[in-house]
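Enquirer: Got a file for you: input-v6.txt, compact mmCIF, C-alpha atoms.
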```txt
# COMPACT_ATOMS: atom_id res chain seq x y z
CA MET A 1 11.71 -51.69 -154.76
CA PRO A 2 8.59 -50.40 -156.48
CA ASP A 3 6.25 -53.23 -157.44
CA SER A 4 5.84 -51.89 -160.93
CA GLN A 5 9.46 -52.74 -161.61
CA PRO A 6 9.80 -56.21 -163.09
CA GLU A 7 13.50 -56.09 -163.84
CA ASP A 8 16.03 -57.96 -161.78
CA PHE A 9 19.37 -56.54 -160.73
CA ALA A 10 22.50 -57.89 -159.20
CA ALA A 11 25.69 -56.43 -157.85
CA ASP A 12 27.56 -59.61 -158.71
CA GLY A 13 29.88 -57.79 -161.03
CA GLY A 14 31.90 -55.92 -158.48
CA HIS A 15 31.41 -52.26 -159.26
CA GLY A 16 27.76 -52.20 -158.46
CA ALA A 17 24.31 -53.29 -159.38
CA VAL A 18 23.57 -53.89 -163.04
CA PRO A 19 20.46 -55.25 -164.75
CA LEU A 20 20.06 -58.97 -165.38
CA ASP A 21 17.06 -58.92 -167.68
CA GLY A 22 17.20 -58.21 -171.36
CA VAL A 23 20.99 -58.15 -171.49
CA PRO A 24 22.15 -59.99 -174.62
CA THR A 25 24.73 -62.71 -174.07
CA ALA A 26 24.45 -64.61 -177.34
CA LEU A 27 27.50 -65.77 -179.18
CA GLY A 28 28.08 -66.36 -182.80
CA GLU A 29 27.86 -62.85 -184.08
CA GLN A 30 30.72 -62.21 -186.42
CA PRO A 31 33.31 -59.99 -184.80
CA PRO A 32 33.38 -56.62 -186.51
CA SER A 33 35.79 -56.74 -189.40
CA GLY A 34 39.23 -55.43 -188.65
CA GLU A 35 39.32 -56.68 -185.06
CA TRP A 36 42.92 -57.24 -184.05
CA PRO A 37 43.93 -60.84 -183.42
CA LEU A 38 43.91 -62.30 -179.91
CA TYR A 39 47.24 -62.98 -178.20
CA GLU A 40 47.86 -65.04 -175.09
CA VAL A 41 50.36 -63.49 -172.66
CA PHE A 42 52.96 -65.29 -170.51
CA VAL A 43 55.05 -63.47 -167.91
CA ARG A 44 58.22 -64.58 -166.10
CA GLY A 45 57.76 -63.16 -162.61
CA LYS A 46 61.46 -63.18 -161.80
CA ARG A 47 64.62 -64.94 -162.86
CA GLY A 48 64.53 -68.59 -161.98
CA LEU A 49 60.78 -68.98 -162.60
CA ASN A 50 58.89 -70.20 -165.66
CA HIS A 51 56.81 -67.96 -167.84
CA VAL A 52 53.23 -68.30 -166.62
CA HIS A 53 50.03 -67.56 -168.50
CA VAL A 54 48.43 -64.34 -167.21
CA GLY A 55 45.70 -63.52 -169.70
CA SER A 56 45.14 -62.31 -173.21
CA LEU A 57 44.88 -59.13 -175.24
CA HIS A 58 44.35 -57.87 -178.78
CA ALA A 59 47.09 -56.34 -180.89
CA ALA A 60 47.69 -55.65 -184.54
CA ASP A 61 51.04 -57.44 -184.59
CA ASP A 62 53.59 -59.20 -182.38
CA THR A 63 55.51 -56.07 -181.41
CA MET A 64 52.39 -54.23 -180.38
CA ALA A 65 51.28 -57.30 -178.41
CA VAL A 66 54.47 -57.17 -176.33
CA HIS A 67 54.00 -53.46 -175.65
CA HIS A 68 50.37 -53.90 -174.70
CA ALA A 69 51.26 -56.86 -172.49
CA ARG A 70 53.73 -54.66 -170.61
CA ASP A 71 51.07 -51.99 -170.04
CA VAL A 72 48.25 -54.36 -169.12
CA TYR A 73 50.03 -57.07 -167.14
CA THR A 74 53.20 -55.56 -165.63
CA ARG A 75 52.31 -52.13 -164.25
CA ARG A 76 53.76 -53.07 -160.86
CA ASN A 77 56.95 -54.95 -161.67
CA GLU A 78 55.11 -58.26 -162.07
CA GLY A 79 57.61 -59.51 -164.60
CA VAL A 80 61.09 -59.49 -166.07
CA SER A 81 60.19 -61.13 -169.38
CA ILE A 82 57.09 -61.45 -171.55
CA TRP A 83 56.05 -63.99 -174.18
CA VAL A 84 53.11 -63.39 -176.46
CA VAL A 85 51.68 -65.91 -178.89
CA ARG A 86 48.69 -65.68 -181.17
CA ALA A 87 45.81 -67.61 -179.59
CA ASP A 88 45.05 -69.35 -182.89
CA ALA A 89 48.58 -70.80 -182.93
CA ILE A 90 48.02 -72.77 -179.72
CA THR A 91 47.05 -76.43 -179.84
CA ALA A 92 45.42 -77.72 -176.66
CA SER A 93 44.13 -80.99 -175.28
CA SER A 94 40.37 -81.15 -175.01
CA PRO A 95 38.76 -81.83 -171.63
CA ASP A 96 35.76 -83.38 -173.43
CA GLU A 97 37.55 -86.35 -174.99
CA LYS A 98 35.81 -89.64 -174.27
CA ASP A 99 39.07 -91.49 -173.72
CA PRO A 100 40.71 -89.01 -171.45
CA MET A 101 44.09 -87.76 -172.43
CA PHE A 102 45.48 -88.23 -168.95
CA ALA A 103 44.13 -91.71 -168.20
CA PRO A 104 47.42 -93.46 -169.07
CA ALA A 105 49.04 -91.84 -166.03
CA GLY A 106 46.20 -92.85 -163.73
CA ASP A 107 47.15 -96.49 -163.13
CA LYS A 108 50.92 -96.06 -163.05
CA VAL A 109 51.42 -95.50 -159.37
CA TYR A 110 54.83 -97.22 -159.67
CA ARG A 111 56.12 -93.99 -161.20
CA HIS A 112 55.95 -92.29 -157.82
CA PRO A 113 58.59 -92.72 -155.09
CA THR A 114 55.91 -93.45 -152.47
CA PHE A 115 55.07 -96.73 -154.30
CA TYR A 116 58.24 -98.34 -152.93
CA ASP A 117 58.47 -99.54 -149.32
CA ILE A 118 61.80 -98.79 -147.72
CA PRO A 119 62.36 -99.48 -144.00
CA ASP A 120 62.54 -96.35 -141.86
CA ASP A 121 66.03 -97.19 -140.66
CA VAL A 122 67.59 -96.86 -144.12
CA PRO A 123 69.39 -93.49 -144.04
CA HIS A 124 69.43 -90.74 -146.71
CA MET A 125 66.57 -92.27 -148.75
CA MET B 1 34.30 -73.58 -179.14
CA THR B 2 32.60 -76.77 -178.07
CA VAL B 3 30.88 -75.33 -175.02
CA THR B 4 27.56 -74.60 -176.70
CA ASP B 5 27.23 -77.76 -178.77
CA PRO B 6 24.02 -79.54 -177.85
CA ALA B 7 24.96 -83.07 -176.79
CA PRO B 8 22.73 -86.14 -177.17
CA ASP B 9 20.66 -86.93 -174.07
CA ALA B 10 22.85 -89.53 -172.38
CA ALA B 11 26.03 -87.65 -173.10
CA ALA B 12 24.37 -84.42 -171.96
CA ALA B 13 23.44 -85.97 -168.63
CA GLU B 14 27.00 -87.15 -168.15
CA LEU B 15 28.40 -83.70 -168.94
CA GLN B 16 25.94 -82.09 -166.55
CA GLU B 17 27.00 -84.59 -163.87
CA GLN B 18 30.67 -83.78 -164.39
CA PHE B 19 29.93 -80.06 -164.20
CA ASP B 20 27.87 -80.48 -161.02
CA ALA B 21 30.69 -82.50 -159.48
CA VAL B 22 33.21 -79.76 -160.20
CA ILE B 23 30.93 -77.17 -158.56
CA ALA B 24 30.16 -79.45 -155.60
CA ARG B 25 33.81 -79.91 -154.70
CA HIS B 26 34.43 -76.15 -155.09
CA ASP B 27 36.76 -76.82 -157.98
CA ARG B 28 37.08 -74.30 -160.80
CA VAL B 29 35.37 -74.43 -164.18
CA GLU B 30 37.83 -73.69 -166.98
CA PRO B 31 37.19 -72.26 -170.45
CA ARG B 32 37.14 -75.45 -172.50
CA ASP B 33 34.96 -77.37 -170.04
CA TRP B 34 31.38 -78.13 -170.93
CA MET B 35 29.05 -75.83 -169.00
CA PRO B 36 25.28 -75.29 -168.90
CA GLU B 37 24.21 -72.58 -171.30
CA LYS B 38 22.63 -70.54 -168.49
CA TYR B 39 25.85 -70.65 -166.48
CA ARG B 40 27.77 -69.38 -169.49
CA ALA B 41 25.20 -66.67 -170.23
CA THR B 42 25.19 -65.54 -166.59
CA LEU B 43 28.95 -65.22 -166.65
CA VAL B 44 29.08 -63.38 -169.96
CA ARG B 45 26.52 -60.88 -168.71
CA GLN B 46 28.21 -60.42 -165.35
CA ILE B 47 31.79 -60.20 -166.61
CA ALA B 48 30.89 -57.97 -169.56
CA GLN B 49 28.95 -55.52 -167.40
CA HIS B 50 31.73 -55.54 -164.83
CA ALA B 51 34.27 -54.79 -167.59
CA HIS B 52 32.08 -51.97 -168.92
CA SER B 53 31.87 -50.52 -165.40
CA GLU B 54 35.66 -50.40 -165.16
CA ILE B 55 35.97 -48.74 -168.56
CA ILE B 56 33.22 -46.16 -167.95
CA GLY B 57 34.61 -45.75 -164.43
CA MET B 58 37.64 -43.99 -165.88
CA GLN B 59 35.54 -40.97 -166.81
CA PRO B 60 34.34 -39.43 -163.53
CA GLU B 61 37.88 -39.23 -162.15
CA GLY B 62 39.62 -38.75 -165.48
CA ASN B 63 37.71 -35.49 -165.49
CA TRP B 64 40.08 -34.16 -162.80
CA ILE B 65 43.47 -35.25 -164.13
CA THR B 66 44.26 -31.90 -165.73
CA ARG B 67 43.22 -30.06 -162.58
CA ALA B 68 44.96 -32.10 -159.91
CA PRO B 69 46.19 -29.86 -157.08
CA SER B 70 49.76 -31.18 -157.13
CA LEU B 71 52.09 -33.32 -159.19
CA ARG B 72 51.84 -36.04 -156.53
CA ARG B 73 48.06 -36.16 -156.73
CA LYS B 74 48.21 -36.05 -160.51
CA ALA B 75 50.60 -39.02 -160.73
CA THR B 76 48.36 -40.96 -158.32
CA LEU B 77 45.20 -40.16 -160.24
CA LEU B 78 46.77 -41.04 -163.58
CA ALA B 79 47.92 -44.38 -162.20
CA LYS B 80 44.51 -45.05 -160.77
CA VAL B 81 42.64 -44.27 -163.98
CA GLN B 82 45.12 -46.39 -165.93
CA ASP B 83 44.40 -49.24 -163.50
CA GLU B 84 40.69 -48.97 -164.24
CA ALA B 85 41.47 -49.42 -167.93
CA GLY B 86 43.61 -52.42 -167.01
CA HIS B 87 40.80 -53.91 -164.93
CA GLY B 88 38.43 -53.54 -167.86
CA LEU B 89 40.93 -55.33 -170.09
CA TYR B 90 41.47 -58.23 -167.65
CA LEU B 91 37.73 -58.70 -167.55
CA TYR B 92 37.17 -58.46 -171.31
CA SER B 93 39.91 -61.05 -171.60
CA ALA B 94 37.97 -63.32 -169.19
CA ALA B 95 34.73 -62.76 -171.12
CA GLU B 96 36.45 -63.75 -174.34
CA THR B 97 37.32 -67.16 -172.88
CA LEU B 98 33.55 -67.76 -172.91
CA GLY B 99 33.33 -67.06 -176.62
CA ALA B 100 32.32 -63.40 -176.55
CA SER B 101 34.26 -61.15 -178.91
CA ARG B 102 35.83 -57.89 -177.79
CA GLY B 103 34.32 -55.88 -180.63
CA GLU B 104 30.89 -57.29 -179.92
CA LEU B 105 31.13 -56.34 -176.24
CA THR B 106 32.24 -52.80 -177.07
CA GLU B 107 29.38 -52.46 -179.52
CA LYS B 108 26.86 -53.64 -176.89
CA LEU B 109 28.16 -51.08 -174.40
CA ILE B 110 28.00 -48.21 -176.87
CA SER B 111 24.53 -49.16 -178.10
CA GLY B 112 23.28 -49.42 -174.51
CA LYS B 113 22.34 -53.11 -174.76
CA GLN B 114 24.70 -54.01 -171.94
CA LYS B 115 24.95 -51.73 -168.91
CA TYR B 116 27.54 -50.58 -166.43
CA SER B 117 27.27 -49.69 -162.77
CA SER B 118 24.99 -46.72 -162.16
CA ILE B 119 27.48 -45.22 -159.68
CA PHE B 120 29.40 -43.81 -162.65
CA ASN B 121 26.39 -41.82 -163.80
CA TYR B 122 26.92 -39.40 -160.91
CA PRO B 123 29.11 -36.36 -161.58
CA THR B 124 32.38 -35.49 -159.85
CA LEU B 125 31.90 -31.89 -158.76
CA SER B 126 35.04 -31.24 -156.70
CA TYR B 127 38.47 -32.74 -156.15
CA ALA B 128 37.20 -34.15 -152.86
CA ASP B 129 35.13 -36.52 -155.00
CA VAL B 130 38.37 -38.19 -156.13
CA GLY B 131 38.99 -39.03 -152.49
CA THR B 132 35.41 -40.06 -151.76
CA ILE B 133 35.27 -42.32 -154.79
CA GLY B 134 38.46 -44.02 -153.66
CA TRP B 135 37.24 -44.42 -150.10
CA LEU B 136 33.55 -45.28 -150.54
CA VAL B 137 33.03 -46.36 -154.14
CA ASP B 138 36.20 -48.43 -154.38
CA GLY B 139 35.64 -49.57 -150.81
CA ALA B 140 32.20 -50.89 -151.77
CA ALA B 141 33.71 -52.45 -154.87
CA ILE B 142 36.29 -54.26 -152.74
CA CYS B 143 33.50 -55.69 -150.55
CA ASN B 144 31.86 -57.05 -153.70
CA GLN B 145 35.05 -58.17 -155.37
CA VAL B 146 37.00 -59.97 -152.66
CA PRO B 147 34.51 -62.88 -152.55
CA LEU B 148 34.64 -63.03 -156.35
CA CYS B 149 38.30 -64.11 -156.17
CA ARG B 150 36.82 -67.52 -155.20
CA THR B 151 34.19 -67.53 -157.93
CA SER B 152 33.72 -70.86 -159.70
CA TYR B 153 34.83 -69.72 -163.16
CA GLY B 154 38.64 -69.84 -163.25
CA PRO B 155 39.50 -66.93 -165.58
CA TYR B 156 37.07 -64.61 -163.76
CA GLY B 157 38.52 -65.50 -160.36
CA ARG B 158 42.07 -64.96 -161.59
CA SER B 159 41.16 -61.53 -163.00
CA MET B 160 39.55 -60.63 -159.69
CA ILE B 161 42.69 -61.52 -157.73
CA ARG B 162 44.73 -59.07 -159.82
CA ILE B 163 42.01 -56.43 -159.54
CA CYS B 164 41.65 -56.72 -155.77
CA LYS B 165 45.37 -56.24 -155.24
CA GLU B 166 45.19 -52.98 -157.18
CA GLU B 167 41.93 -51.75 -155.63
CA SER B 168 43.62 -51.59 -152.27
CA PHE B 169 45.85 -48.79 -153.58
CA HIS B 170 42.73 -47.05 -154.93
CA GLN B 171 40.99 -47.05 -151.59
CA ARG B 172 44.01 -45.98 -149.58
CA GLN B 173 44.92 -43.09 -151.84
CA GLY B 174 41.32 -41.85 -151.57
CA TYR B 175 41.21 -42.02 -147.79
CA GLU B 176 44.60 -40.36 -147.51
CA LEU B 177 43.44 -37.56 -149.81
CA LEU B 178 40.37 -36.98 -147.62
CA MET B 179 42.45 -37.04 -144.43
CA THR B 180 44.74 -34.41 -145.93
CA MET B 181 41.76 -32.19 -146.76
CA MET B 182 40.30 -32.69 -143.27
CA ARG B 183 43.54 -31.29 -141.83
CA GLY B 184 43.13 -28.22 -144.04
CA THR B 185 40.76 -25.25 -143.87
CA ASP B 186 37.09 -25.18 -142.83
CA GLU B 187 36.25 -24.77 -146.48
CA GLN B 188 38.15 -27.94 -147.37
CA ARG B 189 36.47 -29.88 -144.55
CA ALA B 190 33.11 -28.69 -145.86
CA MET B 191 34.06 -29.93 -149.34
CA VAL B 192 34.77 -33.39 -147.95
CA GLN B 193 31.48 -33.50 -146.02
CA GLU B 194 29.52 -32.32 -149.06
CA SER B 195 31.16 -34.97 -151.20
CA VAL B 196 30.45 -37.75 -148.67
CA ASP B 197 26.82 -36.57 -148.47
CA ARG B 198 26.45 -37.03 -152.23
CA PHE B 199 28.21 -40.39 -152.53
CA TRP B 200 27.06 -42.29 -149.43
CA TRP B 201 23.66 -43.40 -150.75
CA PRO B 202 24.82 -44.22 -154.29
CA ALA B 203 27.62 -46.29 -152.69
CA LEU B 204 25.03 -48.30 -150.73
CA MET B 205 23.06 -48.81 -153.95
CA MET B 206 26.11 -50.46 -155.49
CA PHE B 207 25.27 -53.68 -153.65
CA GLY B 208 22.02 -53.99 -155.52
CA PRO B 209 18.44 -54.27 -154.35
CA PRO B 210 17.54 -56.04 -151.08
CA ASP B 211 17.80 -59.83 -151.22
CA ALA B 212 14.02 -60.19 -151.32
CA ASP B 213 14.11 -58.44 -154.71
CA SER B 214 17.02 -60.42 -156.14
CA PRO B 215 15.57 -63.73 -157.30
CA ASN B 216 18.67 -64.67 -159.28
CA THR B 217 20.98 -64.57 -156.28
CA ALA B 218 20.12 -68.14 -155.24
CA GLN B 219 21.07 -69.64 -158.62
CA SER B 220 24.27 -67.62 -158.82
CA MET B 221 25.23 -68.74 -155.33
CA ALA B 222 24.44 -72.37 -156.13
CA TRP B 223 26.78 -72.14 -159.10
CA GLY B 224 29.49 -70.59 -156.97
CA ILE B 225 29.52 -67.50 -159.19
CA LYS B 226 28.32 -65.31 -156.36
CA ARG B 227 29.46 -65.94 -152.79
CA ASP B 228 27.49 -63.50 -150.58
CA THR B 229 24.06 -61.88 -150.80
CA ASN B 230 23.53 -58.18 -151.56
CA ASP B 231 22.28 -57.42 -148.03
CA ASP B 232 25.15 -59.25 -146.33
CA LEU B 233 27.70 -57.29 -148.35
CA ARG B 234 25.91 -53.98 -147.73
CA GLN B 235 25.90 -54.63 -143.98
CA LYS B 236 29.59 -55.45 -144.04
CA PHE B 237 30.34 -52.25 -145.94
CA VAL B 238 28.37 -50.09 -143.48
CA ASP B 239 30.07 -51.72 -140.49
CA MET B 240 33.48 -51.09 -142.04
CA SER B 241 32.74 -47.52 -143.07
CA VAL B 242 31.33 -46.15 -139.80
CA PRO B 243 34.60 -46.20 -137.82
CA GLN B 244 36.47 -44.92 -140.88
CA ALA B 245 34.06 -41.97 -141.09
CA GLU B 246 34.53 -41.26 -137.38
CA ARG B 247 38.30 -41.28 -137.71
CA LEU B 248 38.03 -38.97 -140.71
CA GLY B 249 35.69 -36.63 -138.86
CA VAL B 250 32.78 -36.70 -141.29
CA THR B 251 29.11 -37.50 -140.71
CA LEU B 252 27.39 -40.16 -142.77
CA PRO B 253 24.07 -38.67 -143.98
CA ASP B 254 21.75 -41.30 -142.50
CA PRO B 255 19.59 -40.36 -139.48
CA ASP B 256 18.77 -44.04 -138.90
CA LEU B 257 22.39 -45.11 -138.66
CA ARG B 258 23.17 -46.49 -135.19
CA TRP B 259 24.93 -49.39 -133.50
CA ASN B 260 22.67 -52.31 -132.63
CA ALA B 261 24.36 -54.14 -129.76
CA GLU B 262 21.91 -57.02 -130.00
CA ARG B 263 22.81 -57.77 -133.61
CA GLY B 264 26.43 -56.73 -133.21
CA ALA B 265 26.00 -54.61 -136.33
CA HIS B 266 24.79 -51.17 -137.43
CA ASP B 267 21.19 -50.47 -138.29
CA PHE B 268 20.85 -48.14 -141.23
CA GLY B 269 18.31 -46.65 -143.65
CA GLN B 270 17.47 -47.88 -147.13
CA PRO B 271 18.72 -46.02 -150.19
CA ASP B 272 16.13 -44.46 -152.48
CA TRP B 273 15.48 -47.37 -154.83
CA ASP B 274 13.28 -45.23 -157.08
CA GLU B 275 16.29 -43.01 -157.73
CA PHE B 276 18.37 -46.11 -158.40
CA MET B 277 15.86 -47.36 -160.98
CA ALA B 278 15.69 -43.96 -162.63
CA VAL B 279 19.48 -43.79 -162.96
CA VAL B 280 19.71 -47.33 -164.34
CA LYS B 281 17.02 -46.48 -166.87
CA GLY B 282 19.10 -43.61 -168.20
CA GLY B 283 17.77 -40.78 -166.05
CA GLY B 284 20.95 -40.20 -164.06
CA PRO B 285 22.85 -36.92 -164.26
CA CYS B 286 25.56 -38.27 -166.59
CA ASN B 287 24.24 -41.35 -168.45
CA ALA B 288 24.14 -39.78 -171.91
CA GLU B 289 27.48 -38.02 -171.44
CA ARG B 290 29.27 -41.22 -170.37
CA ILE B 291 28.15 -43.24 -173.38
CA ALA B 292 28.70 -40.36 -175.79
CA HIS B 293 32.24 -39.96 -174.50
CA ARG B 294 32.97 -43.69 -174.83
CA LYS B 295 31.56 -43.71 -178.36
CA ARG B 296 33.59 -40.66 -179.33
CA ALA B 297 36.78 -42.23 -178.02
CA HIS B 298 36.01 -45.42 -179.97
CA ASP B 299 35.15 -43.58 -183.18
CA ASP B 300 38.09 -41.18 -182.93
CA GLY B 301 40.41 -44.15 -182.47
CA ALA B 302 39.15 -46.00 -185.55
CA TRP B 303 41.81 -44.58 -187.87
CA VAL B 304 44.55 -45.62 -185.44
CA ARG B 305 43.27 -49.20 -185.31
CA GLU B 306 42.98 -49.29 -189.10
CA ALA B 307 46.45 -47.85 -189.61
CA ALA B 308 47.95 -50.40 -187.21
CA SER B 309 46.18 -53.23 -189.06
CA ALA B 310 47.44 -51.91 -192.41
CA PHE B 311 50.98 -51.67 -191.05
CA ALA B 312 50.76 -55.22 -189.67
CA ALA B 313 49.47 -56.52 -193.01
CA LYS B 314 52.37 -54.86 -194.81
CA GLY B 315 54.92 -56.48 -192.50
CA ALA B 316 53.33 -59.94 -192.68
```
Any chance you could give the structure as structure tokens?
Expert:
Amino acid sequence: MPDSQPEDFAADGGHGAVPLDGVPTALGEQPPSGEWPLYEVFVRGKRGLNHVHVGSLHAADDTMAVHHARDVYTRRNEGVSIWVVRADAITASSPDEKDPMFAPAGDKVYRHPTFYDIPDDVPHM
Amino acid sequence: MTVTDPAPDAAAAELQEQFDAVIARHDRVEPRDWMPEKYRATLVRQIAQHAHSEIIGMQPEGNWITRAPSLRRKATLLAKVQDEAGHGLYLYSAAETLGASRGELTEKLISGKQKYSSIFNYPTLSYADVGTIGWLVDGAAICNQVPLCRTSYGPYGRSMIRICKEESFHQRQGYELLMTMMRGTDEQRAMVQESVDRFWWPALMMFGPPDADSPNTAQSMAWGIKRDTNDDLRQKFVDMSVPQAERLGVTLPDPDLRWNAERGAHDFGQPDWDEFMAVVKGGGPCNAERIAHRKRAHDDGAWVREAASAFAAKGA
């Protein structure tokens, strides 16, 4: 590297080295008006399995979201059924809550079969 | 998003502790978790520029779709270029989980504020380049990308798993194409050699400058975003490529390339880093053309996006 070159580069991104310095990463800029809404995509891999979240995409409406989901997420027979739902329609638990959402399950070990001692010679248990 | 809210001191320390604990046990950070601002910024920059590389990466090969030598090659090339679009979309989707907006990212690509890999600023001069890009460029990308499947940020790692599965097809179709040409005429063999001569050094540049010149690598590795250093990955790529080149029957254009029994690895020459800098700065053969093409596609598609929005509004 020439000494006169202060910039830093990294190949972290997969397809080759890109600059690290002076690349804006700030949030909070208003998205350009007219941006299509964000949809979350769920795909059922095959019959007998649940729909599983695979990613998101933008589409103008629900029908287009399903078509885009097919093109983006199932180019190689990854699914037999697709759900799409607008991201702003999802309600989620927050990992930041002071009184954690999942604490109530923490001290209830008696809900698990391993909590109960059964002698080894009891069959079919 | 709550990720960027400044927390009071005590709470901030606790959040930092939780984050450090997640990283320390090689667990994944997920979108709604608190994360240090620099971690988030590093990821946005990395994922966005990776996404841009996939999107711009459609152009060099897309150039040959209408001139593919057979229907088989054309179907393969179309599928490959469509995959690159898909990879870009997976990655934009991952970047959006960090609060970046799609429109904003596109704007930053078109205005040149965010970059893409300089490998795509080299032209594709013959159909052999389609094969060489698959073999060497996608091969180098796989070396970079496989470790990223274990990156600490969940959505990025999951995108990379999908991408790596598809890249394997990209590399194999390229190598197969080159093998086919090598079984052809002298002229075709010369085309392959000429193409490899042009792409070998830019492929080595894809791993980035030597470790000594990459001060950010240490922080990225500490955060589990990056898993291997530039030099380690470059060495791995060279060691993988040498026997592949031999089998293919081409010469890699590096007079210093030789097996070092002591190290159990190949010694090789350094790429021309001045050329690399010049290309990154916009002086490559195709920089202006690539961005102009992306901007034209975006502008020409504006009426379609507007019409779809209008139609959706009417139906709502």
Enquirer: Counting only C-alpha atoms, note down every residue that has an atom within 6 Å of the point (42.4, -58.3, -181.6) (file coordinates), as a list of chain:residue names.
Expert: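 Those residues, ordered by chain and then number, are A:Glu35, A:Trp36, A:Pro37, A:Leu38, A:His58, A:Ala59.
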Enquirer: Return the single residue from A:Gly34, A:Ala69, A:Thr25, A:Leu57 that is closest to Ser81 of chain A, with distances computed using all atoms listed in the file.
Expert: A:Ala69
Enquirer: Atom CA of Ala288 of chain B to atom CA of Ser53 of chain B: how many Å, to one decimal?
Expert: 14.7 Å
Enquirer: Point out the residue among B:Ala218, B:Leu177, B:Val242, B:Leu125 with the least atom-to-atom distance to chain A, counting only C-alpha atoms.
Expert: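 Closest to chain A of all the choices is B:Ala218.
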Enquirer: As an exercise, work out the distance from atom CA of Ile55 of chain B to atom CA of His87 of chain B in Å and give it to one decimal place.
Expert: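 We find that atom CA of Ile55 of chain B and atom CA of His87 of chain B lie 8.0 Å from each other.
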Enquirer: Could you state the separation of atom CA of Met64 of chain A and atom CA of Pro31 of chain B in Å, given to one decimal place?
Expert: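 Spanning atom CA of Met64 of chain A to atom CA of Pro31 of chain B is a straight-line distance of 25.6 Å.
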Enquirer: Between B:Gly264, B:Gly174, B:Gly282, B:Pro210, which is the closest to chain A once you count all atoms listed in the file?
Expert: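 Closest to chain A of all the choices is B:Pro210.
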Enquirer: Looking at only C-alpha atoms, which of A:Asp62, A:Val80, A:Ala89, A:Ala105 is the one that sits closest to chain B?
Expert: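 Of all the options, A:Asp62 lies closest to chain B.
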Enquirer: Taking 5 positions as the minimum chain separation for residues in the same chain, which residues sit within 8 Å of Phe9 of chain A when counting only C-alpha atoms? Answer as a PyMOL selection string.
Expert: (chain A and resi 17-21) or (chain B and resi 208-209+214)
Enquirer: Which residue is closest to chain A? Choose from B:Glu194, B:Glu262, B:Glu246, B:Asp83 and count all atoms listed in the file.
Expert: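 Closest candidate: B:Asp83.
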Enquirer: Which residues come within 8 Å of segment 7-19 of chain B, counting all atoms listed in the file, excluding same-chain residues fewer than 6 positions away, as a PyMOL selection string?
Expert: chain B and resi 29+34-36
